[in-house]
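Single-structure report; data block below.
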Amino acid sequence: MLDIKRIREQPDLVKKAMQNKGEADTSVVDTLLDLDEKWRQSVKKADELRNESKQTARQIGELKKAGEHDKAQKVMDETARMKQELKELEQTERSLLQERDEYLLQVPNIADESVPVGHSEDENEVVHTWGEVSDISTGKPHWELDIEGGRLDFERGAKVTASGFPFYVGKIARLQRTLINYFIDVAAQKGYQELQVPFLVNEDSARGTGQIPDKEDMMYEVQRDGFYAIPTSEVPVTNFHRDEILKKEELPVKYVCHSPCWRREAGSYGKDVKGLNRLHQFDKVELVKMVPPETSYDELESLRQDAEYLLEQLKLPYRTLLMCTGDMGFTQSKKYDMEVWSPAQQRWLEVSSCSNFEDYQARRMKLRYKNDEGKTTFLHTLNGSGLALPRVMAALLEHYQTEDGRIKVPDVLQERMGSEYL
């Protein structure tokens, strides 16, 4: 969430930033500031009454010592009245603060100045391309491939669960496992520490990274126990240090994590759902960083390069987009998307998003560190897909299919797979 001081001092900037992110109704800022002012007045009044009560209480002993018991009793009665009034004020104070903070959670992050202002994906900027892209459709789309000893089984997945929950069988399952291990090993070589995480999180964790309130409809909920199935391992990994104060010498903190991810994808039915293009359950390797504020944008560029490196090693043509304000999400301050080219589908497939959240998540999670001056301040958090498996798999199967119907294994994976072809 944003710093309330910033909203007090720059309400127009916050409203403009909301509009840039597609939030037409900015009245939440006015409501928030009104509650904040009432809370501050309540705090001020309570402080004044607390001081007055202390001063009045001091008179009681003096009056009793002087033998003025009637006056002492009146002062005691007045002190009791003040205590009751103070109790009511403190309750009002807590109630106002809770209500104010609920509105504070509804204000999106402010985009960095380097982010283009726009309201649709058409206004994203292509900042980097790699590899050759042909405008001539070649080969079969991945869902039509007949691979000896391996397959993607969508029908049985729909039988067992529902559409969007496929089985990976035989050599295809092995290829996916090989990719996951490769991605993790490369990240580990770059200084990321591996984590294995819970796949269910509580409401505080979902709120900490910004899934609540914003993306409730995207998550599967275990209502009986109050848990959510993770939409990305960003949620448990970033919450790993929630409510902690890290030491400066521990930074930057860098984690890599593989997990299944679950997304309801509400509102996306009928949109690009063929094959592996859009699933409800999929695997992803996530990269997460927790860094000092002054280095976070350099760390974002490094994070982006870590994701791009994997695509280049797999020899998959890709492009990197700088997302505009209206296409970057509620919580991000800056975001890059990497998309691979599908030669059979003649379209770009998103395989990674790399984002800087500045201190937006850290404020929600009370994730802090002691800086060089010994002052406790909020960290900046970043995360990126390194990489999301389904569309990487789709692109590999389409790029590496041969005329005789086999799938060539990318050079970088052949030793791990123990073969040149699937």
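Every chain in the structure tokens takes a letter, A first, then B, and so on in the order presented; its residues are numbered from 1, and the ligands are numbered from 1 following the presented order.
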With only C-alpha atoms as the counted atoms, please give the residues lying no more than 8 Å from stretch 279-290 of chain A, apart from itself and same-chain residues fewer than 5 positions off, as a PyMOL selection string.
chain A and resi 163-165+180+183-184+187+192+232-234+237-238+251-265+273+303+379-390
Okay, now the selection with N, CA and C atoms, as a CSV table (one decimal), in the first residue's frame?
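Everything below was put into result.csv:
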chain,number,residue,atom,x,y,z
A,163,SER,N,-11.7,-28.5,-17.6
A,163,SER,CA,-10.9,-27.9,-18.7
A,163,SER,C,-9.8,-27.0,-18.1
A,164,GLY,N,-8.6,-27.1,-18.6
A,164,GLY,CA,-7.6,-26.2,-18.1
A,164,GLY,C,-6.7,-26.9,-17.1
A,165,PHE,N,-6.9,-28.2,-16.9
A,165,PHE,CA,-6.1,-29.0,-16.0
A,165,PHE,C,-5.5,-30.3,-16.7
A,180,ILE,N,12.2,-27.4,-15.6
A,180,ILE,CA,12.1,-26.8,-14.2
A,180,ILE,C,13.4,-26.9,-13.5
A,183,PHE,N,15.9,-24.4,-15.0
A,183,PHE,CA,15.6,-23.0,-14.6
A,183,PHE,C,16.1,-22.7,-13.2
A,184,ILE,N,15.8,-23.7,-12.3
A,184,ILE,CA,16.3,-23.5,-10.9
A,184,ILE,C,17.8,-23.5,-10.8
A,187,ALA,N,19.3,-20.2,-12.0
A,187,ALA,CA,19.0,-19.2,-11.0
A,187,ALA,C,20.0,-19.4,-9.8
A,192,TYR,N,20.6,-17.0,-6.5
A,192,TYR,CA,19.3,-17.1,-5.9
A,192,TYR,C,19.3,-18.4,-5.0
A,232,THR,N,0.6,-17.9,-7.7
A,232,THR,CA,2.0,-17.8,-8.0
A,232,THR,C,2.8,-18.0,-6.7
A,233,SER,N,4.0,-18.5,-6.8
A,233,SER,CA,4.8,-18.7,-5.6
A,233,SER,C,5.3,-17.4,-5.1
A,234,GLU,N,5.1,-16.3,-5.8
A,234,GLU,CA,5.4,-15.0,-5.3
A,234,GLU,C,4.8,-14.7,-4.0
A,237,VAL,N,6.6,-16.8,-1.1
A,237,VAL,CA,8.0,-16.5,-1.0
A,237,VAL,C,8.2,-15.0,-0.5
A,238,THR,N,7.4,-14.1,-1.0
A,238,THR,CA,7.5,-12.7,-0.5
A,238,THR,C,7.1,-12.6,0.9
A,251,LEU,N,21.2,-8.1,2.5
A,251,LEU,CA,20.6,-7.7,1.2
A,251,LEU,C,21.6,-7.7,0.1
A,252,PRO,N,21.2,-7.9,-1.2
A,252,PRO,CA,19.8,-8.2,-1.5
A,252,PRO,C,19.5,-9.7,-1.2
A,253,VAL,N,18.2,-9.9,-0.8
A,253,VAL,CA,17.7,-11.3,-0.7
A,253,VAL,C,17.1,-11.7,-2.0
A,254,LYS,N,17.6,-12.9,-2.5
A,254,LYS,CA,17.2,-13.4,-3.8
A,254,LYS,C,16.7,-14.9,-3.6
A,255,TYR,N,15.5,-15.2,-4.0
A,255,TYR,CA,15.0,-16.5,-3.9
A,255,TYR,C,14.5,-17.0,-5.3
A,256,VAL,N,14.6,-18.4,-5.5
A,256,VAL,CA,14.1,-19.0,-6.6
A,256,VAL,C,13.2,-20.1,-6.1
A,257,CYS,N,12.0,-20.3,-6.7
A,257,CYS,CA,11.0,-21.3,-6.2
A,257,CYS,C,10.2,-21.9,-7.4
A,258,HIS,N,10.1,-23.2,-7.4
A,258,HIS,CA,9.2,-23.8,-8.4
A,258,HIS,C,7.9,-24.2,-7.6
A,259,SER,N,6.8,-24.0,-8.3
A,259,SER,CA,5.5,-24.4,-7.7
A,259,SER,C,4.5,-24.6,-8.7
A,260,PRO,N,3.5,-25.4,-8.5
A,260,PRO,CA,2.3,-25.3,-9.3
A,260,PRO,C,1.6,-24.0,-8.9
A,261,CYS,N,0.8,-23.5,-9.9
A,261,CYS,CA,0.0,-22.3,-9.6
A,261,CYS,C,-1.4,-22.6,-10.1
A,262,TRP,N,-2.4,-22.0,-9.4
A,262,TRP,CA,-3.8,-22.2,-9.7
A,262,TRP,C,-4.4,-20.8,-9.9
A,263,ARG,N,-5.1,-20.7,-11.0
A,263,ARG,CA,-5.8,-19.4,-11.3
A,263,ARG,C,-7.2,-19.7,-11.9
A,264,ARG,N,-8.2,-19.1,-11.4
A,264,ARG,CA,-9.5,-19.3,-11.9
A,264,ARG,C,-9.7,-18.7,-13.3
A,265,GLU,N,-8.9,-17.6,-13.6
A,265,GLU,CA,-8.9,-16.9,-14.9
A,265,GLU,C,-10.4,-16.5,-15.2
A,273,VAL,N,-7.7,-20.0,-25.4
A,273,VAL,CA,-7.7,-21.1,-24.4
A,273,VAL,C,-7.2,-22.4,-25.1
A,303,LEU,N,16.9,-8.6,-13.1
A,303,LEU,CA,15.8,-9.6,-13.0
A,303,LEU,C,15.3,-9.9,-14.5
A,379,LEU,N,11.7,-2.2,2.7
A,379,LEU,CA,12.4,-2.7,1.6
A,379,LEU,C,11.6,-2.5,0.3
A,380,HIS,N,12.2,-2.7,-0.8
A,380,HIS,CA,11.5,-2.8,-2.1
A,380,HIS,C,11.5,-4.3,-2.5
A,381,THR,N,10.3,-4.7,-3.1
A,381,THR,CA,10.2,-6.1,-3.5
A,381,THR,C,10.0,-6.2,-5.0
A,382,LEU,N,10.6,-7.2,-5.6
A,382,LEU,CA,10.5,-7.5,-7.0
A,382,LEU,C,10.3,-9.0,-7.2
A,383,ASN,N,9.6,-9.3,-8.3
A,383,ASN,CA,9.5,-10.7,-8.7
A,383,ASN,C,9.4,-10.8,-10.2
A,384,GLY,N,9.7,-12.0,-10.7
A,384,GLY,CA,9.6,-12.3,-12.1
A,384,GLY,C,9.5,-13.8,-12.4
A,385,SER,N,8.9,-14.1,-13.5
A,385,SER,CA,8.8,-15.5,-13.9
A,385,SER,C,10.1,-16.0,-14.5
A,386,GLY,N,10.7,-17.1,-14.0
A,386,GLY,CA,11.9,-17.5,-14.6
A,386,GLY,C,12.0,-19.0,-14.9
A,387,LEU,N,11.0,-19.6,-15.6
A,387,LEU,CA,10.0,-19.0,-16.4
A,387,LEU,C,8.6,-19.7,-16.1
A,388,ALA,N,7.5,-19.2,-16.7
A,388,ALA,CA,6.3,-20.0,-16.7
A,388,ALA,C,6.3,-21.1,-17.7
A,389,LEU,N,6.0,-22.3,-17.3
A,389,LEU,CA,6.2,-23.5,-18.1
A,389,LEU,C,5.3,-23.7,-19.3
A,390,PRO,N,3.9,-23.5,-19.2
A,390,PRO,CA,3.1,-23.9,-20.3
A,390,PRO,C,3.4,-23.4,-21.6
Sorted by chain and rising residue number, which residues of stretch 125-243 of chain A lie within 7 Å of stretch 359-375 of chain A, and what are their closest atom pairs and distances in Å to one decimal, counting only C-alpha atoms, as CSV?
residue,atom,partner,partner_atom,distance
A:Gly208,CA,A:Met365,CA,5.0
A:Thr209,CA,A:Gln361,CA,5.3
A:Gly210,CA,A:Gln361,CA,6.8
A:His241,CA,A:Leu367,CA,6.5
A:Arg242,CA,A:Met365,CA,5.0
A:Asp243,CA,A:Lys366,CA,4.8
What are the DSSP alpha helix (DSSP H) residues of stretch 106-201 of chain A, as JSON, numbers by chain?
{"A": [154, 155, 156, 157, 158, 159, 160, 171, 172, 173, 174, 175, 176, 177, 178, 179, 180, 181, 182, 183, 184, 185, 186, 187, 188, 189]}
Writer output for current selection, C-alpha atoms, as a tab-separated table (two decimals), in the first residue's frame:
chain	number	residue	atom	x	y	z
A	154	PHE	CA	-6.40	-32.52	-22.22
A	155	GLU	CA	-9.40	-34.85	-22.38
A	156	ARG	CA	-8.43	-36.93	-19.36
A	157	GLY	CA	-7.55	-33.74	-17.48
A	158	ALA	CA	-11.07	-32.44	-18.14
A	159	LYS	CA	-12.50	-35.79	-16.99
A	160	VAL	CA	-10.52	-35.85	-13.76
A	171	LYS	CA	8.45	-37.76	-22.52
A	172	ILE	CA	6.45	-34.53	-22.27
A	173	ALA	CA	6.34	-34.85	-18.48
A	174	ARG	CA	10.08	-35.53	-18.49
A	175	LEU	CA	10.76	-32.50	-20.67
A	176	GLN	CA	8.80	-30.28	-18.31
A	177	ARG	CA	10.65	-31.66	-15.28
A	178	THR	CA	13.95	-31.08	-17.07
A	179	LEU	CA	13.01	-27.49	-17.84
A	180	ILE	CA	12.07	-26.85	-14.20
A	181	ASN	CA	15.36	-28.22	-12.92
A	182	TYR	CA	17.30	-26.27	-15.53
A	183	PHE	CA	15.62	-22.99	-14.63
A	184	ILE	CA	16.27	-23.53	-10.92
A	185	ASP	CA	19.90	-24.52	-11.46
A	186	VAL	CA	20.61	-21.45	-13.60
A	187	ALA	CA	19.03	-19.19	-10.98
A	188	ALA	CA	21.07	-20.84	-8.23
A	189	GLN	CA	24.24	-20.17	-10.21
Among listed residues A:Glu78, A:Glu221, A:Glu358, A:Asp204, nearest A:Asn239 (using only C-alpha atoms)
A:Asp204
Quick one: residues within 12 Å of A:Tyr421, only C-alpha atoms counted, chain neighbours fewer than 6 positions away excluded, as a ChimeraX atom specification?
/A:147-150,171-172,175,397,400-402,404-411,413-415
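Interatomic distance, atom CA of A:Met218 against atom CA of A:Gln346: 27.8 Å.
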Quick one: everything within 6 Å of A:Lys21, counting only C-alpha atoms, minus sequence neighbours fewer than 3 positions away in the same chain. Send it as a ChimeraX atom specification.
/A:18,325-326
Find the residues around A:Ile110 up to 8 Å (only C-alpha atoms counted), leave out those fewer than 2 positions away in its own chain, and share them as a list in words.
Val14, Ala17, Met18, Pro108, Asp112, Gln332 and Ser333 of chain A
Keeping C-alpha atoms for every residue in the selection just given, could you write it to a file as an mmCIF file, in the first residue's frame?
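Okay, part.cif is ready:
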data_model
loop_
_atom_site.group_PDB
_atom_site.id
_atom_site.type_symbol
_atom_site.label_atom_id
_atom_site.label_comp_id
_atom_site.auth_asym_id
_atom_site.auth_seq_id
_atom_site.Cartn_x
_atom_site.Cartn_y
_atom_site.Cartn_z
ATOM 1 C CA VAL A 14 -2.383 9.803 -6.496
ATOM 2 C CA ALA A 17 -1.932 7.776 -11.105
ATOM 3 C CA MET A 18 -5.171 5.877 -10.454
ATOM 4 C CA PRO A 108 -3.220 1.108 -6.440
ATOM 5 C CA ASP A 112 7.264 4.986 -12.084
ATOM 6 C CA GLN A 332 3.312 -2.775 -9.723
ATOM 7 C CA SER A 333 5.301 0.416 -10.165
#
Looking only at the backbone, which of the residues in stretch 50-290 of chain A does DSSP tag as strand (DSSP E), as a PyMOL selection string?
chain A and resi 125-130+150-153+167-170+193-195+200-202+221-222+227-229+245-246+253-262+281-290
With C-alpha atoms retained, could you export that selection as a compact mmCIF listing (two decimals), in the first residue's frame?
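Output file part-v7.txt is given in full below:
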# COMPACT_ATOMS: atom_id res chain seq x y z
CA GLU A 125 6.41 -0.45 -25.76
CA VAL A 126 8.64 -3.09 -27.34
CA VAL A 127 12.04 -2.41 -25.75
CA HIS A 128 13.98 -5.48 -26.85
CA THR A 129 13.75 -8.30 -29.42
CA TRP A 130 15.83 -11.44 -29.93
CA GLY A 150 4.68 -38.62 -24.79
CA ARG A 151 1.62 -36.45 -25.06
CA LEU A 152 -0.48 -33.70 -23.60
CA ASP A 153 -3.76 -35.22 -22.46
CA PHE A 167 -2.00 -34.29 -17.90
CA TYR A 168 1.61 -34.32 -19.09
CA VAL A 169 2.48 -37.88 -20.10
CA GLY A 170 5.76 -39.70 -20.70
CA GLN A 193 18.56 -19.35 -2.93
CA GLU A 194 16.09 -22.14 -3.59
CA LEU A 195 12.88 -22.37 -1.57
CA LEU A 200 -1.85 -22.83 0.35
CA VAL A 201 -1.69 -19.42 2.03
CA ASN A 202 -3.83 -17.58 4.55
CA GLU A 221 -10.38 -20.62 -2.12
CA VAL A 222 -10.46 -23.39 0.49
CA PHE A 227 -6.86 -20.73 2.74
CA TYR A 228 -6.16 -19.77 -0.87
CA ALA A 229 -4.40 -21.95 -3.45
CA ILE A 245 13.46 -6.51 10.07
CA LEU A 246 16.40 -7.67 7.95
CA VAL A 253 17.70 -11.28 -0.66
CA LYS A 254 17.16 -13.43 -3.78
CA TYR A 255 14.98 -16.54 -3.92
CA VAL A 256 14.05 -19.03 -6.64
CA CYS A 257 11.04 -21.29 -6.24
CA HIS A 258 9.21 -23.82 -8.38
CA SER A 259 5.54 -24.45 -7.66
CA PRO A 260 2.27 -25.33 -9.30
CA CYS A 261 0.01 -22.30 -9.64
CA TRP A 262 -3.78 -22.15 -9.67
CA GLN A 281 -3.21 -25.15 -13.13
CA PHE A 282 0.34 -24.75 -14.37
CA ASP A 283 3.94 -24.88 -13.19
CA LYS A 284 6.20 -21.86 -12.87
CA VAL A 285 9.67 -21.06 -11.58
CA GLU A 286 9.56 -17.73 -9.74
CA LEU A 287 12.38 -15.30 -8.96
CA VAL A 288 11.88 -12.95 -5.99
CA LYS A 289 14.09 -10.14 -4.71
CA MET A 290 14.00 -7.97 -1.58
